[in-house]
$ cat entry-v2.tsv   # TSV, C-alpha atoms
chain	number	residue	atom	x	y	z
H	1	MET	CA	171.60	143.33	135.56
H	2	GLY	CA	170.75	146.72	136.64
H	3	TYR	CA	171.98	147.97	133.34
H	4	PHE	CA	169.61	145.64	131.47
H	5	GLU	CA	166.71	146.76	133.59
H	6	ASP	CA	167.54	150.33	132.95
H	7	PHE	CA	167.88	149.82	129.28
H	8	ILE	CA	164.72	147.72	128.73
H	9	GLY	CA	162.75	148.93	131.69
H	10	VAL	CA	161.75	145.42	132.66
H	11	ASN	CA	162.73	143.59	135.76
H	12	LEU	CA	164.00	140.10	134.94
H	13	TRP	CA	162.32	138.55	137.92
H	14	THR	CA	159.05	140.22	137.05
H	15	ALA	CA	159.31	138.97	133.49
H	16	LEU	CA	160.14	135.46	134.69
H	17	PHE	CA	157.24	135.55	137.17
H	18	THR	CA	154.90	136.79	134.43
H	19	LEU	CA	156.09	134.00	132.14
H	20	LEU	CA	155.51	131.41	134.86
H	21	ASN	CA	152.06	132.86	135.52
H	22	THR	CA	151.22	132.74	131.82
H	23	LEU	CA	152.39	129.11	131.57
H	24	THR	CA	150.38	128.25	134.67
H	25	VAL	CA	147.27	129.89	133.21
H	26	ILE	CA	147.79	128.01	129.93
H	27	ILE	CA	148.31	124.67	131.72
H	28	VAL	CA	145.35	125.20	134.06
H	29	GLY	CA	143.23	126.56	131.18
H	30	THR	CA	144.09	123.54	129.07
H	31	LYS	CA	143.35	121.13	131.89
H	32	PHE	CA	140.17	122.71	133.24
H	33	LEU	CA	138.87	124.78	130.36
H	34	PHE	CA	140.07	123.59	126.95
H	35	LYS	CA	139.56	119.83	127.51
H	36	PRO	CA	136.01	120.21	128.92
H	37	VAL	CA	135.07	122.59	126.13
H	38	MET	CA	136.48	120.18	123.54
H	39	LYS	CA	134.61	117.30	125.22
H	40	MET	CA	131.41	119.36	125.18
H	41	ILE	CA	131.94	120.16	121.47
H	42	GLN	CA	132.55	116.48	120.69
H	43	ASP	CA	129.46	115.46	122.67
H	44	ARG	CA	127.40	118.05	120.84
H	45	GLN	CA	128.83	116.83	117.49
H	46	LYS	CA	127.89	113.25	118.45
H	47	GLU	CA	124.37	114.44	119.33
H	48	ILE	CA	124.05	116.15	115.96
H	49	ASP	CA	125.36	113.07	114.15
H	50	ASP	CA	122.85	110.90	116.07
H	51	MET	CA	120.03	113.28	115.14
H	52	TYR	CA	121.02	113.07	111.47
H	53	ALA	CA	121.16	109.26	111.73
H	54	ASP	CA	117.71	109.23	113.39
H	55	ALA	CA	116.37	111.58	110.72
H	56	ASP	CA	117.75	109.32	107.98
H	57	ALA	CA	116.21	106.27	109.68
H	58	ALA	CA	112.86	108.08	109.98
H	59	LYS	CA	113.07	109.07	106.33
H	60	ALA	CA	113.81	105.46	105.35
H	61	ASP	CA	110.86	104.29	107.48
H	62	ALA	CA	108.61	106.89	105.87
H	63	GLU	CA	109.69	105.78	102.39
H	64	SER	CA	109.10	102.14	103.37
H	65	MET	CA	105.64	103.00	104.71
H	66	GLN	CA	104.90	104.96	101.55
H	67	ALA	CA	105.92	101.96	99.44
H	68	GLN	CA	103.70	99.68	101.55
H	69	TYR	CA	100.83	102.14	101.25
H	70	GLN	CA	101.31	102.28	97.48
H	71	GLN	CA	101.31	98.46	97.34
H	72	LYS	CA	98.10	98.31	99.36
H	73	LEU	CA	96.57	101.01	97.18
H	74	ASP	CA	97.55	99.09	94.03
H	75	ALA	CA	96.15	95.86	95.52
H	76	ALA	CA	92.92	97.64	96.41
H	77	GLN	CA	92.69	99.04	92.88
H	78	ALA	CA	93.28	95.56	91.41
H	79	THR	CA	90.63	94.10	93.72
H	80	SER	CA	88.23	96.86	92.73
H	81	ASP	CA	88.86	96.21	89.04
H	82	ARG	CA	88.36	92.47	89.56
H	83	ILE	CA	85.09	93.02	91.44
H	84	VAL	CA	83.80	95.32	88.72
H	85	LYS	CA	84.73	92.81	86.00
H	86	GLU	CA	83.03	90.00	87.93
H	87	ALA	CA	79.92	92.15	88.43
H	88	VAL	CA	79.82	92.97	84.72
H	89	ALA	CA	80.27	89.29	83.84
H	90	ARG	CA	77.48	88.28	86.26
H	91	GLY	CA	75.27	91.02	84.81
H	92	GLN	CA	75.90	89.81	81.28
H	93	ALA	CA	75.25	86.21	82.31
H	94	ARG	CA	72.01	87.24	84.01
H	95	GLU	CA	71.03	89.25	80.94
H	96	GLU	CA	71.66	86.24	78.70
H	97	GLU	CA	69.70	84.01	81.09
H	98	ILE	CA	66.77	86.44	81.09
H	99	ILE	CA	66.82	86.67	77.28
H	100	ARG	CA	67.05	82.86	76.99
H	101	GLN	CA	64.16	82.45	79.43
H	102	ALA	CA	62.12	85.08	77.57
H	103	ASN	CA	62.79	83.31	74.27
H	104	ALA	CA	61.82	79.97	75.83
H	105	ASP	CA	58.64	81.50	77.27
H	106	ALA	CA	57.83	83.12	73.92
H	107	SER	CA	58.45	79.82	72.15
H	108	ALA	CA	56.24	78.00	74.65
H	109	ILE	CA	53.50	80.61	74.15
H	110	MET	CA	53.83	80.29	70.37
H	111	ASP	CA	53.69	76.48	70.59
H	112	LYS	CA	50.63	76.66	72.85
H	113	ALA	CA	48.99	79.19	70.54
H	114	SER	CA	49.73	76.95	67.55
H	115	ALA	CA	48.31	73.96	69.40
H	116	ASP	CA	45.24	75.99	70.43
H	117	ILE	CA	44.76	77.17	66.83
H	118	ALA	CA	45.09	73.61	65.55
H	119	LEU	CA	42.64	72.41	68.21
H	120	GLU	CA	40.18	75.18	67.40
H	121	LYS	CA	40.54	74.43	63.67
H	122	LYS	CA	39.91	70.74	64.31
H	123	LYS	CA	36.95	71.58	66.54
H	124	ALA	CA	35.54	73.95	63.91
H	125	LEU	CA	36.04	71.26	61.25
H	126	ASN	CA	34.29	68.68	63.43
H	127	ASP	CA	31.44	71.13	64.11
H	128	ALA	CA	31.22	71.84	60.40
H	129	LYS	CA	31.26	68.08	59.65
H	130	ASP	CA	28.49	67.53	62.16
H	131	GLU	CA	26.36	70.30	60.66
H	132	ILE	CA	27.10	69.19	57.12
H	133	SER	CA	26.33	65.58	57.99
H	134	ASP	CA	23.01	66.60	59.56
H	135	ILE	CA	22.17	68.64	56.46
H	136	ALA	CA	23.38	65.85	54.15
H	137	MET	CA	21.31	63.28	56.03
H	138	ALA	CA	18.24	65.43	55.81
H	139	ILE	CA	18.78	65.92	52.07
H	140	ALA	CA	19.60	62.26	51.50
H	141	GLY	CA	16.55	61.22	53.49
H	142	LYS	CA	14.31	63.42	51.33
H	143	VAL	CA	15.97	62.28	48.11
H	144	VAL	CA	15.84	58.61	48.87
H	145	GLY	CA	12.59	58.94	50.67
H	146	ARG	CA	13.45	56.47	53.27
H	147	GLU	CA	15.44	56.19	56.46
H	148	LEU	CA	19.08	55.16	56.08
H	149	SER	CA	20.74	52.78	58.43
H	150	ALA	CA	23.41	54.08	60.78
H	151	ALA	CA	26.16	52.34	58.79
H	152	ASP	CA	24.88	53.74	55.47
H	153	GLN	CA	24.50	57.17	57.00
H	154	SER	CA	28.06	57.13	58.43
H	155	LYS	CA	29.45	55.95	55.09
H	156	LEU	CA	27.68	58.70	53.16
H	157	VAL	CA	28.78	61.39	55.64
H	158	ASP	CA	32.40	60.27	55.53
H	159	GLU	CA	32.45	60.27	51.72
H	160	PHE	CA	30.85	63.69	51.62
H	161	ILE	CA	33.26	65.15	54.18
H	162	ASP	CA	36.25	63.63	52.45
H	163	GLY	CA	35.09	65.29	49.27
H	164	LEU	CA	34.74	68.59	51.12
H	165	GLY	CA	38.11	68.21	52.89
H	166	ASP	CA	39.89	68.08	49.54
H	167	GLY	CA	38.26	71.34	48.54
H	168	LEU	CA	39.21	73.10	51.80
$ encode --input "entry-v2.tsv" --output "structure tokens"
Amino acid sequence: MGYFEDFIGVNLWTALFTLLNTLTVIIVGTKFLFKPVMKMIQDRQKEIDDMYADADAAKADAESMQAQYQQKLDAAQATSDRIVKEAVARGQAREEEIIRQANADASAIMDKASADIALEKKKALNDAKDEISDIAMAIAGKVVGRELSAADQSKLVDEFIDGLGDGL
């Protein structure tokens, strides 16, 4: 073996010892270094996967909350529209009621005015009849030259007024 050592310049026992040391370092490195590092990498990968899952769940929750918010907003808009329509309908009904009441009041005023006019006309006619009957009695009394009885006087006045009423 001396010849081999001289030719290569390596001692066989040194090479074998170096090989054993290298294998020992690899075995120890695998056992105490590689496996813990791989476990740490897997744990970190699991943490990252969990964070992504949590982020996806949070995103889904946010989308759900946004959908609920949109539903509530739509419901509020529908309620608002309904309230406005009801207010407009009540306003129109009140307007119609006010107009109907005003028309009824105007009609009542017109009826009262017509009744007052008719009453005043009748009163004026009665006053005119009374004056005309007084004048007619005075004239009749002078023409006849005597006093007329109440029945004759009433008969003459009524005939005279009836004749005047046709001319009016």
$ residues_around --input "entry-v2.tsv" --residues "Asp158 in chain H" --least-positions-apart "5" --cutoff "10 Å" --atoms "all atoms listed in the file" --output "ChimeraX atom specification"
/H:129,133,152-153,163-164
$ atom_distance --input "entry-v2.tsv" --atom1 "CA of Ile139 in chain H" --atom2 "CA of Leu156 in chain H"
11.5 Å
$ axis_aligned_box --input "entry-v2.tsv" --around "range 77-90 of chain H" --padding-each-side "8 Å" --output "lines of an AutoDock Vina configuration file"
center_x = 85.4
center_y = 93.7
center_z = 88.8
size_x = 31.8
size_y = 26.8
size_z = 25.9
